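Heads up, structure_32.cif below (mmCIF, C-alpha atoms):
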```
data_final
loop_
_atom_site.group_PDB
_atom_site.id
_atom_site.type_symbol
_atom_site.label_atom_id
_atom_site.label_comp_id
_atom_site.auth_asym_id
_atom_site.auth_seq_id
_atom_site.Cartn_x
_atom_site.Cartn_y
_atom_site.Cartn_z
ATOM 1 C CA MET A 27 0.000 0.000 0.000
ATOM 2 C CA MET A 28 2.827 2.385 0.897
ATOM 3 C CA LYS A 29 4.628 1.584 -2.362
ATOM 4 C CA ARG A 30 1.491 2.400 -4.381
ATOM 5 C CA ARG A 31 1.091 5.808 -2.660
ATOM 6 C CA PHE A 32 4.733 6.596 -3.287
ATOM 7 C CA ILE A 33 4.304 5.842 -7.018
ATOM 8 C CA TYR A 34 1.200 8.087 -7.176
ATOM 9 C CA VAL A 35 3.030 10.944 -5.448
ATOM 10 C CA ILE A 36 6.045 10.639 -7.761
ATOM 11 C CA GLY A 37 3.743 10.478 -10.797
ATOM 12 C CA ALA A 38 1.861 13.595 -9.703
ATOM 13 C CA LEU A 39 5.105 15.488 -9.075
ATOM 14 C CA LEU A 40 6.455 14.533 -12.499
ATOM 15 C CA LEU A 41 3.220 15.674 -14.108
ATOM 16 C CA LEU A 42 3.367 19.029 -12.354
ATOM 17 C CA THR A 43 7.042 19.672 -13.045
ATOM 18 C CA GLY A 44 6.991 18.425 -16.639
ATOM 19 C CA CYS A 45 4.840 21.264 -17.934
ATOM 20 C CA GLU A 46 5.971 24.803 -18.524
ATOM 21 C CA PHE A 47 3.617 27.735 -18.371
ATOM 22 C CA HIS A 48 4.483 30.668 -20.607
ATOM 23 C CA ALA A 49 2.541 33.777 -19.788
ATOM 24 C CA SER A 50 2.079 36.127 -22.700
ATOM 25 C CA GLU A 51 3.605 39.569 -22.469
ATOM 26 C CA ASN A 52 1.223 41.040 -25.034
ATOM 27 C CA GLY A 53 -1.073 42.685 -22.488
ATOM 28 C CA ASP A 54 -4.247 44.126 -24.031
ATOM 29 C CA LEU A 55 -3.146 43.046 -27.534
ATOM 30 C CA ASP A 56 -3.926 39.365 -26.911
ATOM 31 C CA GLY A 57 -7.284 38.184 -28.153
ATOM 32 C CA LEU A 58 -9.610 38.603 -31.117
ATOM 33 C CA TRP A 59 -10.092 41.968 -32.850
ATOM 34 C CA GLN A 60 -12.590 42.971 -35.536
ATOM 35 C CA LEU A 61 -11.467 45.499 -38.142
ATOM 36 C CA THR A 62 -14.192 48.180 -38.150
ATOM 37 C CA GLN A 63 -12.771 51.031 -40.245
ATOM 38 C CA VAL A 64 -9.852 51.806 -42.560
ATOM 39 C CA ASP A 65 -8.763 55.381 -43.253
ATOM 40 C CA THR A 66 -6.499 56.020 -46.236
ATOM 41 C CA LEU A 67 -4.160 58.747 -45.040
ATOM 42 C CA THR A 68 -2.978 59.898 -48.465
ATOM 43 C CA THR A 69 -6.452 60.497 -49.937
ATOM 44 C CA GLY A 70 -8.579 61.031 -46.831
ATOM 45 C CA GLY A 71 -10.784 58.082 -47.779
ATOM 46 C CA VAL A 72 -12.736 56.221 -45.102
ATOM 47 C CA GLU A 73 -14.032 52.660 -45.507
ATOM 48 C CA ASP A 74 -16.538 51.096 -43.111
ATOM 49 C CA MET A 75 -15.348 47.527 -42.488
ATOM 50 C CA ARG A 76 -17.859 46.477 -39.818
ATOM 51 C CA TYR A 77 -19.655 44.047 -42.129
ATOM 52 C CA SER A 78 -16.550 42.601 -43.793
ATOM 53 C CA GLN A 79 -15.874 40.309 -40.805
ATOM 54 C CA VAL A 80 -12.109 40.795 -41.153
ATOM 55 C CA SER A 81 -10.479 39.902 -37.858
ATOM 56 C CA TRP A 82 -7.035 39.736 -36.333
ATOM 57 C CA ALA A 83 -6.177 37.426 -33.431
ATOM 58 C CA PHE A 84 -3.052 37.556 -31.270
ATOM 59 C CA GLN A 85 -1.673 34.904 -28.960
ATOM 60 C CA GLY A 86 1.917 34.408 -27.867
ATOM 61 C CA HIS A 87 4.101 35.299 -30.862
ATOM 62 C CA LEU A 88 1.572 34.306 -33.530
ATOM 63 C CA MET A 89 -1.046 36.397 -35.271
ATOM 64 C CA GLU A 90 -3.947 35.151 -37.394
ATOM 65 C CA MET A 91 -5.821 37.299 -39.890
ATOM 66 C CA ARG A 92 -9.156 35.975 -41.119
ATOM 67 C CA LYS A 93 -11.585 37.114 -43.790
ATOM 68 C CA PRO A 94 -14.589 34.776 -43.954
ATOM 69 C CA LEU A 95 -16.126 34.320 -47.358
ATOM 70 C CA LEU A 96 -19.688 33.164 -47.885
ATOM 71 C CA PHE A 97 -19.180 29.871 -49.734
ATOM 72 C CA THR A 98 -15.405 29.435 -50.035
ATOM 73 C CA TYR A 99 -12.383 29.095 -47.829
ATOM 74 C CA GLU A 100 -9.205 30.732 -49.081
ATOM 75 C CA GLY A 101 -7.186 30.128 -45.937
ATOM 76 C CA ASP A 102 -6.253 32.316 -43.029
ATOM 77 C CA ILE A 103 -3.112 34.416 -42.930
ATOM 78 C CA LEU A 104 -0.691 33.495 -40.172
ATOM 79 C CA ALA A 105 2.098 35.902 -39.277
ATOM 80 C CA ARG A 106 4.697 36.669 -36.684
ATOM 81 C CA PHE A 107 4.667 39.998 -34.891
ATOM 82 C CA ASP A 108 6.715 42.142 -32.553
ATOM 83 C CA HIS A 109 4.823 44.348 -30.142
ATOM 84 C CA THR A 110 6.109 47.074 -27.869
ATOM 85 C CA ARG A 111 4.116 49.676 -25.989
ATOM 86 C CA ASP A 112 3.786 51.984 -29.005
ATOM 87 C CA SER A 113 4.574 49.841 -32.063
ATOM 88 C CA LEU A 114 3.470 46.681 -33.829
ATOM 89 C CA VAL A 115 5.464 45.046 -36.623
ATOM 90 C CA VAL A 116 3.779 42.279 -38.641
ATOM 91 C CA TYR A 117 6.043 40.058 -40.761
ATOM 92 C CA ASP A 118 6.668 36.541 -42.084
ATOM 93 C CA CYS A 119 3.126 35.977 -43.410
ATOM 94 C CA TYR A 120 1.806 32.618 -44.576
ATOM 95 C CA ILE A 121 -1.489 31.484 -46.062
ATOM 96 C CA SER A 122 -2.679 28.568 -43.957
ATOM 97 C CA LYS A 123 -4.330 26.004 -46.226
ATOM 98 C CA ARG A 124 -4.912 23.496 -43.392
ATOM 99 C CA ASP A 125 -4.845 20.343 -45.576
ATOM 100 C CA MET A 126 -2.119 21.518 -48.011
ATOM 101 C CA GLY A 127 0.283 23.207 -45.601
ATOM 102 C CA ASP A 128 1.377 26.822 -45.286
ATOM 103 C CA ILE A 129 2.266 28.911 -48.327
ATOM 104 C CA SER A 130 4.557 31.922 -47.929
ATOM 105 C CA VAL A 131 2.968 35.230 -48.936
ATOM 106 C CA THR A 132 5.203 36.789 -51.600
ATOM 107 C CA LYS A 133 2.901 39.521 -52.969
ATOM 108 C CA PRO A 134 1.776 42.427 -50.768
ATOM 109 C CA GLU A 135 -1.541 42.469 -52.670
ATOM 110 C CA ASP A 136 -2.537 39.242 -50.896
ATOM 111 C CA LEU A 137 -2.498 41.197 -47.617
ATOM 112 C CA TYR A 138 -4.523 44.230 -48.783
ATOM 113 C CA PRO A 139 -7.924 42.871 -47.614
ATOM 114 C CA TYR A 140 -6.511 42.627 -44.072
ATOM 115 C CA GLY A 141 -5.187 46.196 -43.861
ATOM 116 C CA LEU A 142 -1.526 45.555 -44.680
ATOM 117 C CA ARG A 143 0.256 47.131 -47.660
ATOM 118 C CA ARG A 144 3.701 45.521 -47.242
ATOM 119 C CA LEU A 145 5.091 42.072 -46.500
ATOM 120 C CA THR A 146 6.615 43.601 -43.369
ATOM 121 C CA GLU A 147 4.227 46.246 -42.061
ATOM 122 C CA ARG A 148 5.073 48.647 -39.249
ATOM 123 C CA PHE A 149 2.292 50.260 -37.226
ATOM 124 C CA ARG A 150 2.301 52.900 -34.558
ATOM 125 C CA VAL A 151 -0.088 51.917 -31.759
ATOM 126 C CA MET A 152 -2.330 54.945 -31.321
ATOM 127 C CA VAL A 153 -4.890 53.345 -28.964
ATOM 128 C CA LEU A 154 -4.801 49.963 -27.248
ATOM 129 C CA ASN A 155 -7.053 49.105 -24.351
ATOM 130 C CA ASP A 156 -9.416 46.305 -23.363
ATOM 131 C CA SER A 157 -12.020 47.244 -26.012
ATOM 132 C CA ARG A 158 -10.408 49.362 -28.780
ATOM 133 C CA MET A 159 -7.253 49.358 -30.876
ATOM 134 C CA THR A 160 -6.112 51.931 -33.443
ATOM 135 C CA LEU A 161 -3.029 51.298 -35.570
ATOM 136 C CA ARG A 162 -1.347 53.705 -37.983
ATOM 137 C CA SER A 163 1.025 52.793 -40.815
ATOM 138 C CA ASP A 164 2.563 55.095 -43.428
ATOM 139 C CA SER A 165 -0.567 54.910 -45.559
ATOM 140 C CA LEU A 166 -3.470 53.598 -43.432
ATOM 141 C CA GLN A 167 -5.098 54.000 -40.056
ATOM 142 C CA LEU A 168 -6.935 50.871 -38.866
ATOM 143 C CA TYR A 169 -9.650 50.798 -36.200
ATOM 144 C CA PHE A 170 -10.540 47.645 -34.301
ATOM 145 C CA ARG A 171 -12.955 46.566 -31.610
ATOM 146 C CA ARG A 172 -12.410 43.566 -29.364
ATOM 147 C CA TYR A 173 -14.722 40.625 -30.004
#
```
Please express the file's structure as structure tokens.
Amino acid sequence: MMKRRFIYVIGALLLLTGCEFHASENGDLDGLWQLTQVDTLTTGGVEDMRYSQVSWAFQGHLMEMRKPLLFTYEGDILARFDHTRDSLVVYDCYISKRDMGDISVTKPEDLYPYGLRRLTERFRVMVLNDSRMTLRSDSLQLYFRRY
């Protein structure tokens, strides 16, 4: 009986010490964001994006951009990002085709529907709190709300 308890205790300790917990340092950035508006800085144009269902999601060091289409699935965009208090850099983008693997994005045009104009896009974080995010690049200002 004593031997069995000892084995259970050792097993439980191994289970507890075998896992690592990595807390994200992204703060308010983590989570799911809906793109609600895009302002074109060079022309003064404003586009309402509330009904486009374009979303960005952040977790750890990975970002997912999604644009649902009614009857087709083109794949989500996965990217890496660097975030500091007042900047966000999105880079290393891939189209996730789930059953066919990831395909590297080589044309900036593939990223236009998501609010990016370059393969490596740099944003200034204008607003970031628990419900709103505003990002500004050289050419666009993007407005998000948290889902």
**Report entry** Selection result of the PyMOL selection byres ((chain A and resi 114) around 9) on this file, as a ChimeraX atom specification
**Finding:** /A:107-113,115-116,147-151,161
Query - Between atom CA of Ser122 of chain A and atom CA of Ser165 of chain A - distance in Å to one decimal - result: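 Calculated distance between atom CA of Ser165 of chain A and atom CA of Ser122 of chain A is 26.5 Å.
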Requested in this report: Find, counting only C-alpha atoms, the residue in A:Thr62, A:Tyr173, A:Gln167, A:Leu88 that gets nearest to Arg76 of chain A.
Outcome: A:Thr62
Requested in this report: Enumerate, as a PyMOL selection string, the residues matched when the PyMOL selection byres ((chain A and resi 53) around 12) is run on the file above.
Outcome: chain A and resi 49-52+54-57+84-86+109-111+154-156
Report task. I would like the residues chosen by the PyMOL selection byres ((chain A and resi 79-81) around 6) on the shown file; could you give them as number ranges by chain? Result -> A: 59-61, 77-78, 82, 91-93
**Report entry** Nearest-residue call for Thr68 of chain A, choices A:Asp118, A:Asp102, A:Asp164, A:Glu135, using only C-alpha atoms
**Finding:**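 Using only C-alpha atoms, the shortest distance to Thr68 of chain A belongs to A:Asp164.
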**Report entry** Between atom CA of Val72 of chain A and atom CA of Pro139 of chain A, distance in Å (one decimal)
**Finding:** 14.4 Å
Query raised in the report: Smallest atom-to-atom distance to Leu142 of chain A: which of A:Ile121, A:Leu168, A:Leu95, A:Leu104, using only C-alpha atoms?
Result: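 Result for the nearest residue to Leu142 of chain A: A:Leu168.
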Query raised in the report: Expressed in Å to a single decimal, how great is the separation between atom CA of Met75 of chain A and atom CA of Pro94 of chain A?
Result: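 For atom CA of Met75 of chain A relative to atom CA of Pro94 of chain A, the distance reads 12.9 Å.
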Requested in this report: Using all atoms listed in the file, pick whichever of A:Ile103, A:Met152, A:Leu166, A:Met159 has the shortest atom-to-atom distance to Asp136 of chain A.
Outcome: A:Ile103
Query raised in the report: So, counting only C-alpha atoms, which residue among A:His87, A:Tyr117, A:Arg172, A:Val64 is closest to Tyr140 of chain A?
Result: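 Between A:His87, A:Tyr117, A:Arg172, A:Val64, the residue approaching Tyr140 of chain A most closely is A:Val64.
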Report summary line: Counting only C-alpha atoms, closest pick from A:Cys119, A:Thr66, A:Asp125, A:Leu58 relative to Arg162 of chain A is A:Thr66
